[in-house]
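Report on one structure; see the data block that follows.
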Number of protein chains: 2
Amino acid sequence: MYRTHTCGELRIDNLNQNVTLAGWVQKVRNLGAMTFIDLRDRYGITQLVVEEHSDTTVRETAAKLGREYVIQASGKVIQRSSKNSKIPTGEIEVAVDTLRILNASQIPPFTIEDNSDGGDELRMKYRFLDLRRNPLKKALILRHQMAHEVRNFLDSKGFLEIETPYLIKSTPEGARDFVVPSRMNAGEFYALPQSPQTFKQLLMVAGYDRYFQIVRCFRDEDLRADRQPEFTQIDCEMSFVDREDILTTFEGLAKHLFRSILGKTFEGDFPRITWHEAMAKYGSDKPDIRFGMTFNDITKLAQGKGFGVFDSAEYIGAICAEGCAGYTRKQLDALTEFVKKPQIGAKGMVYVRCEADGSYKSSVDKFYSQEDLAQWAAACGAKAGDLLLILSGVRKNTLSALCELRLEMGNRLGLRPHDQFAPLWVIDFPLLEWDDETQRFYAMHHPFTSPNSDDSELFDTDPGKIRANAYDFVVNGVEVGGGSIRIFDAELQEKMFKVLGFSKEEAEKQFGFLINAFKYGAPPHGGIAFGFDRWCALFGGADSIRDYIAFPKNNSGRDVMIESPSPISEAQLEELSLEIKTKE
Amino acid sequence: MYRTHTCGELRIDNLNQNVTLAGWVQKVRNLGAMTFIDLRDRYGITQLVVEEHSDTTVRETAAKLGREYVIQASGKVIQRSSKNSKIPTGEIEVAVDTLRILNASQIPPFTIEDNSDGGDELRMKYRFLDLRRNPLKKALILRHQMAHEVRNFLDSKGFLEIETPYLIKSTPEGARDFVVPSRMNAGEFYALPQSPQTFKQLLMVAGYDRYFQIVRCFRDEDLRADRQPEFTQIDCEMSFVDREDILTTFEGLAKHLFRSILGKTFEGDFPRITWHEAMAKYGSDKPDIRFGMTFNDITKLAQGKGFGVFDSAEYIGAICAEGCAGYTRKQLDALTEFVKKPQIGAKGMVYVRCEADGSYKSSVDKFYSQEDLAQWAAACGAKAGDLLLILSGVRKNTLSALCELRLEMGNRLGLRPHDQFAPLWVIDFPLLEWDDETQRFYAMHHPFTSPNSDDSELFDTDPGKIRANAYDFVVNGVEVGGGSIRIFDAELQEKMFKVLGFSKEEAEKQFGFLINAFKYGAPPHGGIAFGFDRWCALFGGADSIRDYIAFPKNNSGRDVMIESPSPISEAQLEELSLEIKTKE
């Protein structure tokens with residue numbers, strides 16, 4: 001062993017002990033008579049001191065050190081003259097009597113500090129240096145702890161972690177697969193799993209009634225910011241359960257993580273709201289309920305007074321920003337600009353200031369009397385000093401724009417602190433989504449999602465109205481997990497395929513092995529999958545998942561550190577019976 | 001919830017309780033007045049009884065049941081008249097008052113019993129049914145427990161589990177990669193990792209001084225029995241350590257698993273033997289030391305007496321089979337046939353019976369006197385009643401054939417029981433292997449394996465003699481794990497590449513990002529990787545890993561259940577800029 005202690009370990013209790021440390025040189029301060037070296041490892045920083053009277057070779061070695069050199073130092077623990085209360089080792093230092101350079105270092109291309117001077121691309125290229133920085137180290141340690149606690153909890157509840165294969169079969173439904181050419185079966189391909197969905201259902205058929213897996217999944221999608229081609233899921237499935245059992249079990253998991261990782265406890269059950277309510281009150285199926293400011297439908301109140309924009313709108317919605325009546329023209333203009341951004345897409349914004357004297361001042365005073373505005377304010381529960389912000393237009397788009405405006409106001413008013421968590425379940429999703437382009441229904445989750453048993457007669461009359469026995473776990477506006485009770489009855493499954501426009505042959509071709517398995521005694525079952533990268537980032541208080549993945553890819557799906565993907569040799573292509581097609 | 005208890009849970013203490021169970025029908029015995037149903041789930045089997053006086057609908061439903069139907073049954077726990085002491089629930093049964101078929105089942109294509117009547121291929125095709133059988137269920141539960149204990153132990157020792165990417169870069173050195181075409185980077189490919197080797201070394205450079213991961217690895221090799229294209233490793237790496245630290249740490253892991261999973265403890269340290277000793281005494285770098293019967297080199301003793309076969313041999317080795325002097329001619333012939341099998345390749349076998357009266361009877365009595373044979377017997381520590389078995393020829397081949405003969409004798413003598421475990425470390429492997437065909441050295445482990453520091457001057461004089469700072473963990477003749485201390489010094493790494501015949505450019509091209517990373521402060525480090533599938537099979541007492549993997553592939557790399565690999569659509573090929581090359 002190269003060390004007796006780590007760099008985060010020594011305290012005043014260790015005074016006068018002879019110790020050996022090893023680590024990286026964070027900083028060298030040469031004060032002439034004394035040289036101070038900050039030595040860093042995964043556990044912390046300890047100050048080394050080389051004094052005027054130290055051994056010559058020690059002083060000579062110290063003079064050679066540069067940033068990020070790897071060294072080993074032995075000496076006695078002494079009390080610091082000027083203590084550093086910011087770090088746990090701040091009361092002591094090590095008076096070095098032996099110093100050895102284990103490895104030199106070139107000057108790193110950016111500083112290894114909490115706030116580095118390196119740009120994103122540079123830090124990605126030197127990820128092994130970026131990973132030395134505290135924020136990334138904390139992120140990966142948090143991730144390890146979360147995975148460990150997930151496993152401890154689920155193990156204690158009788159769940160078995162069962163590994164499912166990575167080389168599986170491509171299915172056209174859903175997102176695009178990554179495929180893997182098979183050398184031994186020329187012209188054929190494996191696919192990498194988008195999720196272990198079918199395998200976990202097969203495990204239920206096989207009788208493993210409580211399964212989970214922390215597992216990598218793959219999607220060959222055009223990458224948006226913060227979406228990775230490979231990502232990690234906590235994948236779970238249970239048999240002989242209904243929705244209540246699933247929600248109770250995994251609310252238990254969530255509470256366990258909140259408590260064990262963040263020290264946060266929650267009184268009572270997490271709130272549950274239906275998808276319809278979530279859309280009406282927050283314009284989103286993943287509402288951030290850390291704050292109120294819910295939507296108020298004032299369509300009826302605001303129409304018929306001659307204001308054409310409102311009169312022609314399908315929906316008029318208002319939110320009440322408490323205490324914001326004092327917003328300046330400039331602030332209101334900025335909000336109008338915000339909602340008019342193409343990705344939000346509102347045409348404009350109407351405001352009503354609820355003045356201190358009980359009067360109202362709005363951007364549509366021409367069309368509406370004080371009484372009209374008072375009615376709106378009452379509908380929104382607004383009081384003197386509050387500000388109403390109103391959007392209108394096609395219902396779906398307006399809800400979505402108002403959702404963005406609400407979140408923006410939440411940010412501006414500091415109502416969305418990273419260390420406050422508001423979990424909830426969103427339930428009763430629609431089972432099907434109509435697609436105008438292809439003129440067919442698509443499964444909102446997947447074709448094995450069970451409908452709400454009360455809605456089964458709607459298959460023949462109004463399939464769009466069928467509620468799914470599906471649920472999402474949402475925290476702070478982030479969809480952390482989602483799942484459903486599955487169809488386990490062959491007849492119902494056939495109905496489902498029919499409404500999705502699958503012929504018997506198509507269904508057989510794509511899901512044949514699962515349909516076949518279901519003929520041999522499938523139990524009632526259901527499950528859930530959590531986005532593990534996302535959950536880690538949420539707990540770490542970050543908006544991006546990138547720093548919670550040790551070696552992420554950039555937005556073109558490239559790993560710029562190892563320079564991958566890359567061409568392969570002609571011999572490899574030959575073995576795989578493949579040719580690259582050059583674009584004309 | 002569909003049940004109040006599992007089928008493995010009810011005992012005499014539960015008498016008179018009203019319970020609800022759910023599971024699969026294992027067996028129905030209709031005795032006219034009474035119908036007995038064995039109900040099975042993951043946890044066990046409970047007997048249900050439907051009596052003559054039971055509710056009509058219950059009796060009608062019971063009459064419809066077939067094997068593997070999924071049912072839900074409620075009723076009172078009563079005492080059995082004829083108890084079954086073989087199962088934990090054998091003292092009670094449930095008198096059914098409500099019975100519901102949750103799902104019917106077709107007749108399974110083979111029996112769901114410990115010893116099924118289904119052939120291998122059929123059971124692979126219906127893996128979801130095969131997985132219902134007890135031996136497979138036990139295997140997967142064991143695997144879950146082992147993974148959980150590995151994680152508990154390593155977490156308690158400060159190791160972080162860090163996930164490394166699956167979409168990495170193809171490198172020509174080593175086994176063949178599976179590759180993944182990149183759609184967004186036409187003509188370029190990712191590779192699936194054969195191991196996270198380079199990433200774990202980068203994590204050491206990044207300062208994460210104790211890393212592990214239970215991780216899937218991929219090798220596109222021609223499959224032999226019991227080799228899978230995807231397999232799981234326990235991958236570990238540590239910084240600021242030497243060999244002793246690694247061996248101590250992971251001997252701790254092994255002992256923890258032996259104790260927590262099998263209830264077995266080991267006194268003192270595991271034996272360590274050098275590679276040279278392992279080869280000389282067992283003819284194998286993964287010796288089974290559950291029994292002795294080590295090799296004795298009698299080359300000098302046996303040459304020069306006119307027996308041409310021995311006189312021309314490079315090596316003559318003998319093993320002593322205790323108490324086997326009574327082996328018949330037929331038994332000895334069978335052993336001779338065994339060693340002459342092509343995969344073993346000996347030309348013949350010489351035996352010496354050490355008779356009870358102190359005389360010797362051998363197959364080479366023509367050439368050797370009683371005194372000669374007495375010398376051989378003494379060299380082998382043989383006593384009256386023992387049998388010497390002797391092979392000769394080229395040293396390397398003879399050692400390997402004698403190894404097989406020893407293991408065969410061990411099997412015949414019952415010296416290799418599945419529930420007895422003999423772990424050891426094999427150390428001091430050669431660093432390099434000479435390949436006659438390509439006239440160059442290859443790294444026996446990989447090009448980053450550190451040489452033994454005592455041997456570094458041999459680089460210039462006799463590289464083949466350099467010992468590696470590498471070690472294997474071996475149990476019962478199975479290589480469970482292996483690893484090495486890595487080179488972290490740029491100069492030594494250059495020497496290594498040179499002796500392997502890599503030009504600077506080639507080394508740079510293949511390992512550039514790692515060599516580059518090492519310039520920024522690489523700590524001394526080393527690690528080990530364990531074959532997790534293999535370790536599970538070993539602990540389960542099985543020779544094959546296949547039943548320790550939920551969904552394995554067959555020997556052609558196919559998953560016959562989901563029928564993968566399979567062709568993909570023209571559109572997919574088009575998107576990937578690929579064409580299938582038809583063989584001429």
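Here, A, B, ... name the chains of the structure tokens in the order displayed, residue numbers run from 1 inside each chain, and ligands are numbered from 1 in the same displayed order.
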
Original post:
If we count only C-alpha atoms, what is near region 150-166 of chain A at a cut-off of 9 Å, once residues fewer than 2 positions away on the same chain are taken out, given as a ChimeraX atom specification?
Top reply: /A:145-148,168,190-193,196,199-200,203,208-217,234,236,238,249,252-254,256-257 /B:140-141,143-145,147-148,152,216,230,549-552

N, CA and C atoms of the current selection, written as a tab-separated table (two decimals), in the first residue's frame:
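The result, written out as out.tsv:
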```tsv
chain	number	residue	atom	x	y	z
A	145	GLN	N	-24.26	5.64	-4.60
A	145	GLN	CA	-25.07	5.47	-3.39
A	145	GLN	C	-26.52	5.20	-3.73
A	146	MET	N	-27.02	5.90	-4.74
A	146	MET	CA	-28.42	5.70	-5.11
A	146	MET	C	-28.64	4.28	-5.63
A	147	ALA	N	-27.75	3.82	-6.51
A	147	ALA	CA	-27.90	2.46	-7.04
A	147	ALA	C	-27.87	1.46	-5.89
A	148	HIS	N	-26.95	1.70	-4.94
A	148	HIS	CA	-26.82	0.77	-3.83
A	148	HIS	C	-28.09	0.75	-2.97
A	168	ILE	N	-30.53	-8.53	-28.60
A	168	ILE	CA	-31.89	-9.02	-28.75
A	168	ILE	C	-32.37	-8.81	-30.19
A	190	TYR	N	-28.62	-8.47	-34.59
A	190	TYR	CA	-29.22	-8.32	-33.27
A	190	TYR	C	-29.64	-6.85	-33.14
A	191	ALA	N	-30.44	-6.55	-32.12
A	191	ALA	CA	-30.67	-5.15	-31.77
A	191	ALA	C	-30.32	-4.97	-30.31
A	192	LEU	N	-29.87	-3.78	-29.95
A	192	LEU	CA	-29.66	-3.47	-28.53
A	192	LEU	C	-30.99	-3.03	-27.94
A	193	PRO	N	-31.28	-3.42	-26.71
A	193	PRO	CA	-32.62	-3.17	-26.16
A	193	PRO	C	-32.91	-1.69	-25.89
A	196	PRO	N	-35.85	-3.55	-21.35
A	196	PRO	CA	-36.05	-5.02	-21.27
A	196	PRO	C	-37.54	-5.39	-21.18
A	199	PHE	N	-38.68	-8.94	-22.03
A	199	PHE	CA	-38.03	-9.95	-21.18
A	199	PHE	C	-38.59	-9.91	-19.76
A	200	LYS	N	-38.88	-8.71	-19.26
A	200	LYS	CA	-39.41	-8.70	-17.90
A	200	LYS	C	-40.81	-9.28	-17.87
A	203	LEU	N	-40.36	-12.93	-17.79
A	203	LEU	CA	-39.99	-13.37	-16.44
A	203	LEU	C	-41.22	-13.50	-15.55
A	208	TYR	N	-41.32	-15.36	-11.84
A	208	TYR	CA	-40.43	-14.57	-10.97
A	208	TYR	C	-41.17	-13.29	-10.58
A	209	ASP	N	-41.97	-13.36	-9.54
A	209	ASP	CA	-43.01	-12.35	-9.37
A	209	ASP	C	-42.55	-10.98	-8.92
A	210	ARG	N	-41.28	-10.85	-8.57
A	210	ARG	CA	-40.75	-9.52	-8.23
A	210	ARG	C	-39.37	-9.40	-8.86
A	211	TYR	N	-39.31	-8.73	-9.97
A	211	TYR	CA	-38.07	-8.59	-10.74
A	211	TYR	C	-37.63	-7.13	-10.74
A	212	PHE	N	-36.33	-6.90	-10.71
A	212	PHE	CA	-35.83	-5.57	-11.06
A	212	PHE	C	-34.46	-5.72	-11.70
A	213	GLN	N	-34.02	-4.62	-12.29
A	213	GLN	CA	-32.71	-4.60	-12.89
A	213	GLN	C	-32.31	-3.14	-13.08
A	214	ILE	N	-31.09	-2.80	-12.72
A	214	ILE	CA	-30.55	-1.50	-13.11
A	214	ILE	C	-29.79	-1.77	-14.39
A	215	VAL	N	-30.27	-1.25	-15.50
A	215	VAL	CA	-29.88	-1.80	-16.80
A	215	VAL	C	-29.69	-0.70	-17.84
A	216	ARG	N	-28.70	-0.92	-18.71
A	216	ARG	CA	-28.47	0.04	-19.79
A	216	ARG	C	-29.49	-0.17	-20.90
A	217	CYS	N	-29.97	0.93	-21.47
A	217	CYS	CA	-30.89	0.88	-22.60
A	217	CYS	C	-30.36	1.78	-23.70
A	234	ILE	N	-33.94	1.93	-13.99
A	234	ILE	CA	-34.30	0.99	-12.93
A	234	ILE	C	-35.58	0.34	-13.41
A	236	CYS	N	-38.53	-2.50	-13.35
A	236	CYS	CA	-39.18	-3.32	-12.31
A	236	CYS	C	-40.47	-3.93	-12.83
A	238	MET	N	-43.85	-6.71	-11.35
A	238	MET	CA	-44.43	-7.53	-10.29
A	238	MET	C	-45.63	-8.31	-10.83
A	249	THR	N	-45.63	0.10	-3.46
A	249	THR	CA	-44.27	-0.45	-3.41
A	249	THR	C	-43.23	0.59	-3.83
A	252	GLY	N	-42.71	3.52	-1.74
A	252	GLY	CA	-41.78	3.09	-0.68
A	252	GLY	C	-40.34	3.23	-1.12
A	253	LEU	N	-40.04	2.83	-2.35
A	253	LEU	CA	-38.68	2.98	-2.86
A	253	LEU	C	-38.28	4.46	-2.90
A	254	ALA	N	-39.18	5.28	-3.43
A	254	ALA	CA	-38.86	6.71	-3.54
A	254	ALA	C	-38.62	7.32	-2.16
A	256	HIS	N	-37.68	5.77	0.49
A	256	HIS	CA	-36.41	5.24	1.00
A	256	HIS	C	-35.23	6.04	0.45
A	257	LEU	N	-35.28	6.36	-0.84
A	257	LEU	CA	-34.18	7.13	-1.43
A	257	LEU	C	-34.14	8.56	-0.90
B	140	LEU	N	-31.04	-18.73	-10.56
B	140	LEU	CA	-31.20	-17.28	-10.70
B	140	LEU	C	-31.27	-16.59	-9.34
B	141	ILE	N	-31.84	-17.27	-8.35
B	141	ILE	CA	-31.88	-16.68	-7.00
B	141	ILE	C	-30.46	-16.62	-6.44
B	143	ARG	N	-27.75	-16.35	-8.16
B	143	ARG	CA	-27.07	-15.28	-8.89
B	143	ARG	C	-27.42	-13.90	-8.29
B	144	HIS	N	-28.70	-13.70	-8.04
B	144	HIS	CA	-29.11	-12.43	-7.42
B	144	HIS	C	-28.40	-12.22	-6.09
B	145	GLN	N	-28.38	-13.28	-5.27
B	145	GLN	CA	-27.77	-13.15	-3.94
B	145	GLN	C	-26.28	-12.88	-4.05
B	147	ALA	N	-24.63	-11.40	-6.56
B	147	ALA	CA	-24.42	-10.02	-7.00
B	147	ALA	C	-24.64	-9.07	-5.83
B	148	HIS	N	-25.68	-9.34	-5.06
B	148	HIS	CA	-25.99	-8.45	-3.94
B	148	HIS	C	-24.87	-8.47	-2.90
B	152	ASN	N	-22.48	-5.47	-1.61
B	152	ASN	CA	-22.42	-5.10	-0.20
B	152	ASN	C	-20.98	-5.07	0.29
B	216	ARG	N	-21.83	-6.22	-18.28
B	216	ARG	CA	-21.89	-7.13	-19.41
B	216	ARG	C	-20.73	-6.88	-20.35
B	230	GLU	N	-22.36	-12.91	-24.94
B	230	GLU	CA	-22.39	-11.87	-23.91
B	230	GLU	C	-22.30	-12.55	-22.56
B	549	ILE	N	-27.76	-18.08	-16.48
B	549	ILE	CA	-28.08	-16.92	-17.30
B	549	ILE	C	-29.56	-17.06	-17.67
B	550	ALA	N	-30.35	-16.02	-17.41
B	550	ALA	CA	-31.80	-16.15	-17.61
B	550	ALA	C	-32.14	-16.50	-19.06
B	551	PHE	N	-31.53	-15.77	-20.01
B	551	PHE	CA	-31.87	-15.98	-21.41
B	551	PHE	C	-30.58	-16.14	-22.22
B	552	PRO	N	-29.98	-17.35	-22.18
B	552	PRO	CA	-28.71	-17.55	-22.89
B	552	PRO	C	-28.93	-17.76	-24.39
```

**OP:** Tell me, as JSON, numbers by chain, which residues lie within 9 Å of region 486-500 of chain B, counting only C-alpha atoms; anything in the same chain fewer than 5 positions away does not count.
**Re:** {"A": [102, 103], "B": [201, 432, 440, 441, 442, 443, 447, 448, 449, 450, 451, 456, 459, 460, 463, 469, 470, 507, 515, 518, 519, 522, 523, 524, 525, 526, 527]}

Subject >> Surrounding residues of region 47-55 of chain B excluding itself and chain neighbours under 3 positions, 8 Å, only C-alpha atoms, as a list in words >> reply: Ala33, Met34, Thr35, Phe36, Ile37, Asp38, Leu39, Val58, Arg59, Ala62, Gly90, Ile92, Glu93, Val94, Ala95, Val96 and Asp97 of chain B

Using only all heavy atoms, please write the residues we just selected to a file, as a compact mmCIF listing (two decimals), in the first residue's frame.
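Result written to out_3.txt:
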```
# COMPACT_ATOMS: atom_id res chain seq x y z
N ALA B 33 -64.41 -37.95 -4.57
CA ALA B 33 -64.97 -37.12 -3.50
C ALA B 33 -64.14 -35.85 -3.28
O ALA B 33 -64.68 -34.77 -3.06
CB ALA B 33 -65.02 -37.92 -2.20
N MET B 34 -62.86 -35.99 -3.39
CA MET B 34 -61.98 -34.86 -3.13
C MET B 34 -61.11 -34.58 -4.36
O MET B 34 -60.72 -35.51 -5.07
CB MET B 34 -61.02 -35.19 -1.98
CG MET B 34 -61.67 -35.92 -0.81
SD MET B 34 -61.71 -34.83 0.59
CE MET B 34 -60.12 -35.21 1.31
N THR B 35 -60.80 -33.28 -4.56
CA THR B 35 -59.82 -32.91 -5.58
C THR B 35 -58.69 -32.17 -4.90
O THR B 35 -58.93 -31.21 -4.15
CB THR B 35 -60.45 -32.01 -6.66
OG1 THR B 35 -61.54 -32.72 -7.24
CG2 THR B 35 -59.45 -31.67 -7.74
N PHE B 36 -57.47 -32.66 -5.12
CA PHE B 36 -56.30 -31.98 -4.56
C PHE B 36 -55.59 -31.23 -5.68
O PHE B 36 -55.38 -31.76 -6.77
CB PHE B 36 -55.32 -32.98 -3.94
CG PHE B 36 -55.88 -33.65 -2.72
CD1 PHE B 36 -56.35 -34.95 -2.77
CD2 PHE B 36 -55.93 -32.95 -1.51
CE1 PHE B 36 -56.87 -35.56 -1.65
CE2 PHE B 36 -56.45 -33.56 -0.37
CZ PHE B 36 -56.92 -34.87 -0.44
N ILE B 37 -55.25 -29.97 -5.39
CA ILE B 37 -54.54 -29.15 -6.38
C ILE B 37 -53.22 -28.70 -5.75
O ILE B 37 -53.23 -28.11 -4.67
CB ILE B 37 -55.36 -27.90 -6.75
CG1 ILE B 37 -56.73 -28.32 -7.31
CG2 ILE B 37 -54.59 -27.03 -7.75
CD1 ILE B 37 -57.78 -27.23 -7.24
N ASP B 38 -52.10 -29.02 -6.40
CA ASP B 38 -50.82 -28.46 -5.95
C ASP B 38 -50.64 -27.11 -6.62
O ASP B 38 -50.52 -27.01 -7.85
CB ASP B 38 -49.66 -29.38 -6.35
CG ASP B 38 -49.50 -30.53 -5.38
OD1 ASP B 38 -50.24 -30.57 -4.37
OD2 ASP B 38 -48.64 -31.40 -5.63
N LEU B 39 -50.63 -26.05 -5.81
CA LEU B 39 -50.50 -24.69 -6.34
C LEU B 39 -49.07 -24.22 -6.13
O LEU B 39 -48.54 -24.28 -5.02
CB LEU B 39 -51.48 -23.75 -5.64
CG LEU B 39 -51.58 -22.36 -6.26
CD1 LEU B 39 -52.17 -22.44 -7.66
CD2 LEU B 39 -52.43 -21.44 -5.39
N VAL B 58 -67.19 -23.86 -7.21
CA VAL B 58 -65.80 -24.21 -6.92
C VAL B 58 -65.48 -25.57 -7.53
O VAL B 58 -64.46 -25.74 -8.20
CB VAL B 58 -65.53 -24.22 -5.41
CG1 VAL B 58 -64.14 -24.81 -5.11
CG2 VAL B 58 -65.65 -22.82 -4.82
N ARG B 59 -66.40 -26.53 -7.35
CA ARG B 59 -66.15 -27.87 -7.88
C ARG B 59 -66.11 -27.85 -9.40
O ARG B 59 -65.29 -28.52 -10.02
CB ARG B 59 -67.20 -28.85 -7.36
CG ARG B 59 -66.89 -29.27 -5.90
CD ARG B 59 -67.77 -30.40 -5.42
NE ARG B 59 -69.14 -29.93 -5.22
CZ ARG B 59 -70.22 -30.43 -5.81
NH1 ARG B 59 -70.09 -31.45 -6.65
NH2 ARG B 59 -71.42 -29.93 -5.57
N ALA B 62 -62.80 -26.27 -10.46
CA ALA B 62 -61.70 -27.22 -10.22
C ALA B 62 -61.65 -28.28 -11.30
O ALA B 62 -60.56 -28.71 -11.72
CB ALA B 62 -61.85 -27.86 -8.85
N GLY B 90 -46.01 -28.76 4.16
CA GLY B 90 -46.60 -30.10 4.08
C GLY B 90 -47.55 -30.48 5.21
O GLY B 90 -48.21 -31.51 5.13
N ILE B 92 -50.09 -28.58 6.21
CA ILE B 92 -51.41 -27.94 6.07
C ILE B 92 -51.92 -28.06 4.64
O ILE B 92 -51.20 -28.45 3.72
CB ILE B 92 -51.36 -26.45 6.47
CG1 ILE B 92 -50.30 -25.70 5.62
CG2 ILE B 92 -51.05 -26.28 7.95
CD1 ILE B 92 -50.78 -25.12 4.36
N GLU B 93 -53.18 -27.71 4.47
CA GLU B 93 -53.73 -27.51 3.13
C GLU B 93 -54.78 -26.41 3.25
O GLU B 93 -55.14 -26.00 4.35
CB GLU B 93 -54.31 -28.82 2.58
CG GLU B 93 -55.45 -29.39 3.40
CD GLU B 93 -55.79 -30.83 3.01
OE1 GLU B 93 -55.13 -31.38 2.11
OE2 GLU B 93 -56.72 -31.39 3.59
N VAL B 94 -55.25 -25.93 2.10
CA VAL B 94 -56.27 -24.89 2.12
C VAL B 94 -57.57 -25.47 1.58
O VAL B 94 -57.60 -25.99 0.46
CB VAL B 94 -55.84 -23.66 1.28
CG1 VAL B 94 -56.96 -22.63 1.21
CG2 VAL B 94 -54.57 -23.03 1.87
N ALA B 95 -58.60 -25.42 2.42
CA ALA B 95 -59.93 -25.88 1.99
C ALA B 95 -60.58 -24.75 1.22
O ALA B 95 -60.98 -23.73 1.79
CB ALA B 95 -60.76 -26.24 3.21
N VAL B 96 -60.68 -24.95 -0.09
CA VAL B 96 -61.04 -23.84 -0.98
C VAL B 96 -62.52 -23.49 -0.90
O VAL B 96 -63.37 -24.38 -1.01
CB VAL B 96 -60.67 -24.20 -2.43
CG1 VAL B 96 -61.08 -23.08 -3.39
CG2 VAL B 96 -59.20 -24.50 -2.54
N ASP B 97 -62.84 -22.21 -0.69
CA ASP B 97 -64.24 -21.81 -0.83
C ASP B 97 -64.47 -20.84 -1.98
O ASP B 97 -65.62 -20.58 -2.33
CB ASP B 97 -64.81 -21.29 0.50
CG ASP B 97 -64.01 -20.16 1.09
OD1 ASP B 97 -63.53 -19.31 0.32
OD2 ASP B 97 -63.84 -20.13 2.33
```
